[in-house]
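The next block is input13.tsv, given as TSV, C-alpha atoms.
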chain	number	residue	atom	x	y	z
A	10	MET	CA	71.63	108.24	138.11
A	11	LYS	CA	73.15	108.60	134.67
A	12	LEU	CA	76.76	107.82	134.09
A	13	LYS	CA	78.53	110.14	131.72
A	14	PHE	CA	81.94	109.26	130.44
A	15	LYS	CA	84.19	111.92	129.08
A	16	PRO	CA	85.82	111.02	125.78
A	17	LYS	CA	89.51	110.38	125.93
A	18	PRO	CA	91.48	113.34	124.56
A	19	PRO	CA	93.39	112.53	121.37
A	20	LYS	CA	97.02	111.57	121.73
A	21	LYS	CA	99.29	114.56	121.28
A	22	LEU	CA	101.30	114.18	118.09
A	23	LYS	CA	104.89	115.28	117.60
A	24	LYS	CA	105.58	118.08	115.13
A	25	THR	CA	106.56	116.76	111.73
A	26	THR	CA	106.11	117.47	108.06
A	27	LEU	CA	103.24	116.08	106.01
A	28	LYS	CA	105.69	114.08	103.91
A	29	ARG	CA	107.21	112.32	106.94
A	30	PHE	CA	103.80	111.81	108.46
A	31	LEU	CA	102.59	110.07	105.29
A	32	ILE	CA	105.73	107.94	104.95
A	33	LYS	CA	105.31	106.73	108.52
A	34	ARG	CA	101.61	105.94	107.96
A	35	THR	CA	102.48	104.15	104.71
A	36	ILE	CA	104.87	101.85	106.53
A	37	TYR	CA	102.23	101.17	109.19
A	38	TYR	CA	99.70	100.20	106.52
A	39	VAL	CA	101.81	98.37	103.93
A	40	LEU	CA	103.65	95.85	106.10
A	41	PRO	CA	100.62	94.33	107.89
A	42	ASN	CA	98.46	94.38	104.75
A	43	VAL	CA	101.05	92.57	102.64
A	44	PHE	CA	101.81	90.05	105.38
A	45	PHE	CA	98.25	89.20	106.39
A	46	ASN	CA	96.82	89.14	102.86
A	47	PHE	CA	99.64	86.84	101.72
A	48	ILE	CA	99.17	84.51	104.70
A	49	ILE	CA	95.38	84.38	104.29
A	50	ALA	CA	95.65	83.71	100.55
A	51	TYR	CA	98.40	81.12	101.00
A	52	ALA	CA	96.47	79.28	103.72
A	53	SER	CA	93.24	79.21	101.74
A	54	PHE	CA	94.89	78.18	98.44
A	55	LYS	CA	96.96	75.37	99.96
A	56	GLU	CA	93.88	73.20	100.32
A	57	LEU	CA	93.63	72.40	96.59
A	58	GLY	CA	97.21	73.01	95.46
A	59	TYR	CA	95.99	75.13	92.54
A	60	THR	CA	93.29	77.69	91.94
A	61	HIS	CA	91.22	79.31	89.19
A	62	PHE	CA	90.06	82.86	88.60
A	63	PHE	CA	86.34	82.35	89.31
A	64	SER	CA	85.50	78.64	89.41
A	65	GLY	CA	85.89	76.28	92.31
A	66	GLU	CA	85.71	76.68	96.04
A	67	GLN	CA	89.16	78.29	96.41
A	68	ASN	CA	89.21	80.89	93.65
A	69	LEU	CA	91.20	84.08	93.23
A	70	ALA	CA	88.14	86.35	93.00
A	71	ARG	CA	86.94	85.23	96.43
A	72	LEU	CA	90.00	86.84	98.07
A	73	THR	CA	90.80	89.79	95.86
A	74	LEU	CA	87.36	91.35	95.37
A	75	PRO	CA	86.53	91.92	99.07
A	76	MET	CA	90.07	93.21	99.62
A	77	ALA	CA	89.77	95.54	96.62
A	78	LEU	CA	86.50	96.91	97.99
A	79	PHE	CA	87.19	97.27	101.70
A	80	LEU	CA	90.90	98.14	101.81
A	81	PRO	CA	90.50	101.47	99.94
A	82	VAL	CA	87.42	102.35	101.99
A	83	VAL	CA	89.11	101.77	105.34
A	84	LEU	CA	92.41	103.38	104.36
A	85	THR	CA	90.74	106.46	102.88
A	86	ILE	CA	88.67	107.07	106.00
A	87	ASP	CA	91.59	106.42	108.35
A	88	ILE	CA	94.19	108.56	106.60
A	89	LEU	CA	91.83	111.50	106.14
A	90	LYS	CA	90.89	111.36	109.83
A	91	ARG	CA	94.52	111.17	110.91
A	92	VAL	CA	95.68	114.01	108.65
A	93	THR	CA	92.85	116.33	109.75
A	94	ASP	CA	93.52	115.49	113.40
A	95	ALA	CA	97.23	116.20	112.94
A	96	ALA	CA	96.44	119.48	111.19
A	97	GLY	CA	94.03	120.42	113.96
A	98	GLN	CA	96.68	119.77	116.62
A	99	GLY	CA	99.30	121.71	114.68
A	100	ALA	CA	101.50	118.64	114.28
A	101	ILE	CA	101.94	119.20	110.54
A	102	GLU	CA	102.62	122.40	108.64
A	103	PHE	CA	99.15	122.55	107.05
A	104	THR	CA	95.73	123.59	108.26
A	105	VAL	CA	92.42	122.36	106.89
A	106	ASP	CA	89.66	124.78	105.92
A	107	GLU	CA	87.05	125.00	108.70
A	108	GLN	CA	84.21	125.12	106.17
A	109	LEU	CA	85.07	121.67	104.86
A	110	ASN	CA	82.64	118.95	105.90
A	111	ILE	CA	85.25	116.25	106.51
A	112	LYS	CA	82.73	113.47	107.17
A	113	LYS	CA	81.01	114.11	103.85
A	114	LEU	CA	84.37	114.13	102.06
A	115	MET	CA	85.46	110.91	103.79
A	116	THR	CA	82.21	109.16	102.89
A	117	LYS	CA	82.23	110.30	99.27
A	118	LEU	CA	85.89	109.50	98.64
A	119	SER	CA	85.87	106.16	100.43
A	120	ILE	CA	82.84	104.88	98.51
A	121	LEU	CA	84.26	106.18	95.23
A	122	HIS	CA	87.69	104.63	95.87
A	123	GLY	CA	86.19	101.29	96.91
A	124	VAL	CA	83.85	100.99	93.93
A	125	ILE	CA	86.44	102.05	91.36
A	126	THR	CA	89.14	99.76	92.76
A	127	CYS	CA	86.78	96.79	92.99
A	128	SER	CA	85.62	97.41	89.42
A	129	LEU	CA	89.21	97.57	88.15
A	130	VAL	CA	90.20	94.37	89.92
A	131	LEU	CA	87.07	92.62	88.64
A	132	ALA	CA	87.88	93.77	85.10
A	133	MET	CA	91.44	92.46	85.46
A	134	LEU	CA	90.13	89.11	86.70
A	135	PHE	CA	87.73	88.88	83.75
A	136	LEU	CA	90.57	89.80	81.40
A	137	GLY	CA	92.74	87.06	82.90
A	138	GLN	CA	89.88	84.58	82.67
A	139	TYR	CA	89.28	85.52	79.04
A	140	ASN	CA	92.95	85.29	78.04
A	141	PHE	CA	93.60	81.92	79.68
A	142	SER	CA	91.71	78.76	78.86
A	143	LYS	CA	89.05	77.37	81.19
A	144	ASP	CA	91.25	74.48	82.22
A	145	TYR	CA	94.25	76.65	83.12
A	146	LYS	CA	95.31	76.12	86.73
A	147	LEU	CA	96.99	78.95	88.63
A	148	ASP	CA	99.79	78.20	91.05
A	149	ALA	CA	98.57	78.83	94.60
A	150	THR	CA	101.86	80.25	95.90
A	151	ALA	CA	102.21	82.65	92.99
A	152	MET	CA	98.62	83.82	93.42
A	153	ALA	CA	99.20	84.38	97.14
A	154	VAL	CA	102.19	86.57	96.23
A	155	VAL	CA	99.99	88.45	93.74
A	156	VAL	CA	97.32	89.03	96.41
A	157	GLY	CA	99.95	90.28	98.89
A	158	THR	CA	101.51	92.55	96.28
A	159	LEU	CA	98.11	93.94	95.34
A	160	ALA	CA	97.42	94.69	99.01
A	161	GLY	CA	100.74	96.55	99.26
A	162	ILE	CA	100.09	98.57	96.13
A	163	LEU	CA	96.57	99.47	97.30
A	164	SER	CA	97.96	100.49	100.70
A	165	VAL	CA	100.45	102.90	99.16
A	166	VAL	CA	97.97	104.34	96.67
A	167	PHE	CA	95.25	104.92	99.24
A	168	VAL	CA	97.52	106.68	101.69
A	169	TYR	CA	98.55	109.30	99.16
A	170	LEU	CA	95.46	109.61	96.93
A	171	PRO	CA	93.03	110.84	99.64
A	172	VAL	CA	95.59	113.34	100.94
A	173	TRP	CA	96.18	114.55	97.39
A	174	ARG	CA	92.43	115.16	97.13
A	175	LEU	CA	92.37	116.85	100.57
A	176	ARG	CA	95.16	119.26	99.57
A	177	ARG	CA	92.53	121.35	97.79
A	178	TRP	CA	91.25	122.46	101.22
A	179	MET	CA	94.65	122.69	102.94
A	180	CYS	CA	96.93	125.68	103.28
A	181	ARG	CA	100.30	126.22	104.93
A	182	ARG	CA	100.30	127.35	108.55
A	183	VAL	CA	101.51	130.92	109.01
A	184	ASN	CA	103.38	131.87	112.18
A	185	LEU	CA	102.82	135.48	113.20
A	186	LEU	CA	105.56	137.23	115.11
A	187	SER	CA	104.36	139.77	117.61
Written as structure tokens, that's how I'd like the structure from this file.
Amino acid sequence: MKLKFKPKPPKKLKKTTLKRFLIKRTIYYVLPNVFFNFIIAYASFKELGYTHFFSGEQNLARLTLPMALFLPVVLTIDILKRVTDAAGQGAIEFTVDEQLNIKKLMTKLSILHGVITCSLVLAMLFLGQYNFSKDYKLDATAMAVVVGTLAGILSVVFVYLPVWRLRRWMCRRVNLLS
């Protein structure tokens, strides 16, 4: 006897505009990302009292590079899925073209966003390492604030950037009166 479970139907969304939908999602993403990335960085930097860009056990690159890679990937996939689901349910004023392969778009954009963001953060770390001397010690609390701020900025950017790219395949919903 095979057990077959029916998938849970998606939660019905309230009607709203795309702008309000994105503002709400931005708040949901920014606050936890800033808080948790700050706490994780602060807790890991407190061990030494100071940190460096690349050297040592508690360095800045160890925290920022994985965040710069995975945060854009996860946010891109999640926001594209949520916007297409909302458009499919009629909760926002836009519809998405049926010919669009959303999984292919999500994969392509998420990998592209992750690689570009990680490369930019790595370049900024190298630039900081090059401009400061080898013996320069970074304040742990200030670097934790920088990591939290970077997480907040990435959260805002990667809520709006994927939707901006998706707008190419979106059109306004037309109500027909009969």
**OP:** Just give me the gap between CA of Phe167 (chain A) and CA of Lys33 (chain A) in Å, one decimal is fine.
**Re:**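 A separation of 13.8 Å between them.
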**OP:** Using only C-alpha atoms, pick whichever of A:Ile111, A:Leu118, A:Val83, A:Ala95 has the shortest atom-to-atom distance to Lys21 (chain A).
**Re:**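 For Lys21 (chain A), the nearest of the candidates is A:Ala95.
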Subject >> Minimum-distance residue to Val92 (chain A), chosen among A:Leu72, A:Ala149, A:Leu170, A:Leu31 (using all atoms listed in the file) >> reply: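 With all atoms listed in the file as the atom set, the closest residue is A:Leu31.
Checking A:Thr150, A:Thr126, A:Asn110, A:Thr93 one by one against Pro75 (chain A), counting all atoms listed in the file, you find the shortest gap at A:Thr126.
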Region 71-75 of chain A: axis-aligned bounding box, 3 Å on each side, centre and edge lengths in Å, one decimal, as lines of an AutoDock Vina configuration file:
center_x = 88.7
center_y = 88.6
center_z = 97.2
size_x = 10.3
size_y = 12.7
size_z = 9.7
Would you kindly return, as a short mmCIF file (atom, residue, chain, number, x, y, z; two decimals) with C-alpha atoms, in the frame of the given file, each protein, DNA or RNA residue with an atom no farther than 9 Å from any atom of Val168 (chain A), considering only C-alpha atoms and excluding same-chain residues fewer than 2 positions away?
data_model
loop_
_atom_site.label_atom_id
_atom_site.label_comp_id
_atom_site.auth_asym_id
_atom_site.auth_seq_id
_atom_site.Cartn_x
_atom_site.Cartn_y
_atom_site.Cartn_z
CA LEU A 31 102.59 110.07 105.29
CA ILE A 32 105.73 107.94 104.95
CA ARG A 34 101.61 105.94 107.96
CA THR A 35 102.48 104.15 104.71
CA TYR A 38 99.70 100.20 106.52
CA PRO A 81 90.50 101.47 99.94
CA LEU A 84 92.41 103.38 104.36
CA THR A 85 90.74 106.46 102.88
CA ASP A 87 91.59 106.42 108.35
CA ILE A 88 94.19 108.56 106.60
CA LEU A 89 91.83 111.50 106.14
CA LEU A 163 96.57 99.47 97.30
CA SER A 164 97.96 100.49 100.70
CA VAL A 165 100.45 102.90 99.16
CA VAL A 166 97.97 104.34 96.67
CA LEU A 170 95.46 109.61 96.93
CA PRO A 171 93.03 110.84 99.64
CA VAL A 172 95.59 113.34 100.94
#
Subject >> Between CA of Ala160 (chain A) and CA of Asn42 (chain A) - distance in Å to one decimal >> reply: 5.8 Å
Original post:
What is the CA of Asn46 (chain A) to CA of Gly123 (chain A) distance in Å?
Top reply: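 Separating CA of Asn46 (chain A) from CA of Gly123 (chain A) is a distance of 17.2 Å.
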Subject >> Nearby residues (only C-alpha atoms) at most 7 Å from Met179 (chain A), same-chain spacing under 3 positions excluded, as a PyMOL selection string >> reply: chain A and resi 103-106+175-176
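Applying the 9 Å criterion to (103.8, 119.5, 113.3) in file coordinates and using all atoms listed in the file, one obtains the residues Leu22, Lys23, Lys24, Thr25, Thr26, Leu27, Ala95, Ala96, Gln98, Gly99, Ala100, Ile101, Glu102 and Phe103 of chain A.
When only C-alpha atoms are used to measure the gap to Asn68 (chain A), the shortest distance among A:Ala50, A:Leu121, A:Leu114, A:Val82 belongs to A:Ala50.
Proximity to Asp94 (chain A) was assessed for A:Phe45, A:Phe30, A:Tyr139, A:Tyr145 counting all atoms listed in the file; the smallest distance is recorded for A:Phe30.
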**OP:** Check the smallest atom-to-atom distance from each of A:Phe44, A:Tyr37, A:Phe141, A:Phe14 to Val156 (chain A) using all atoms listed in the file, then report the winner.
**Re:** A:Phe44
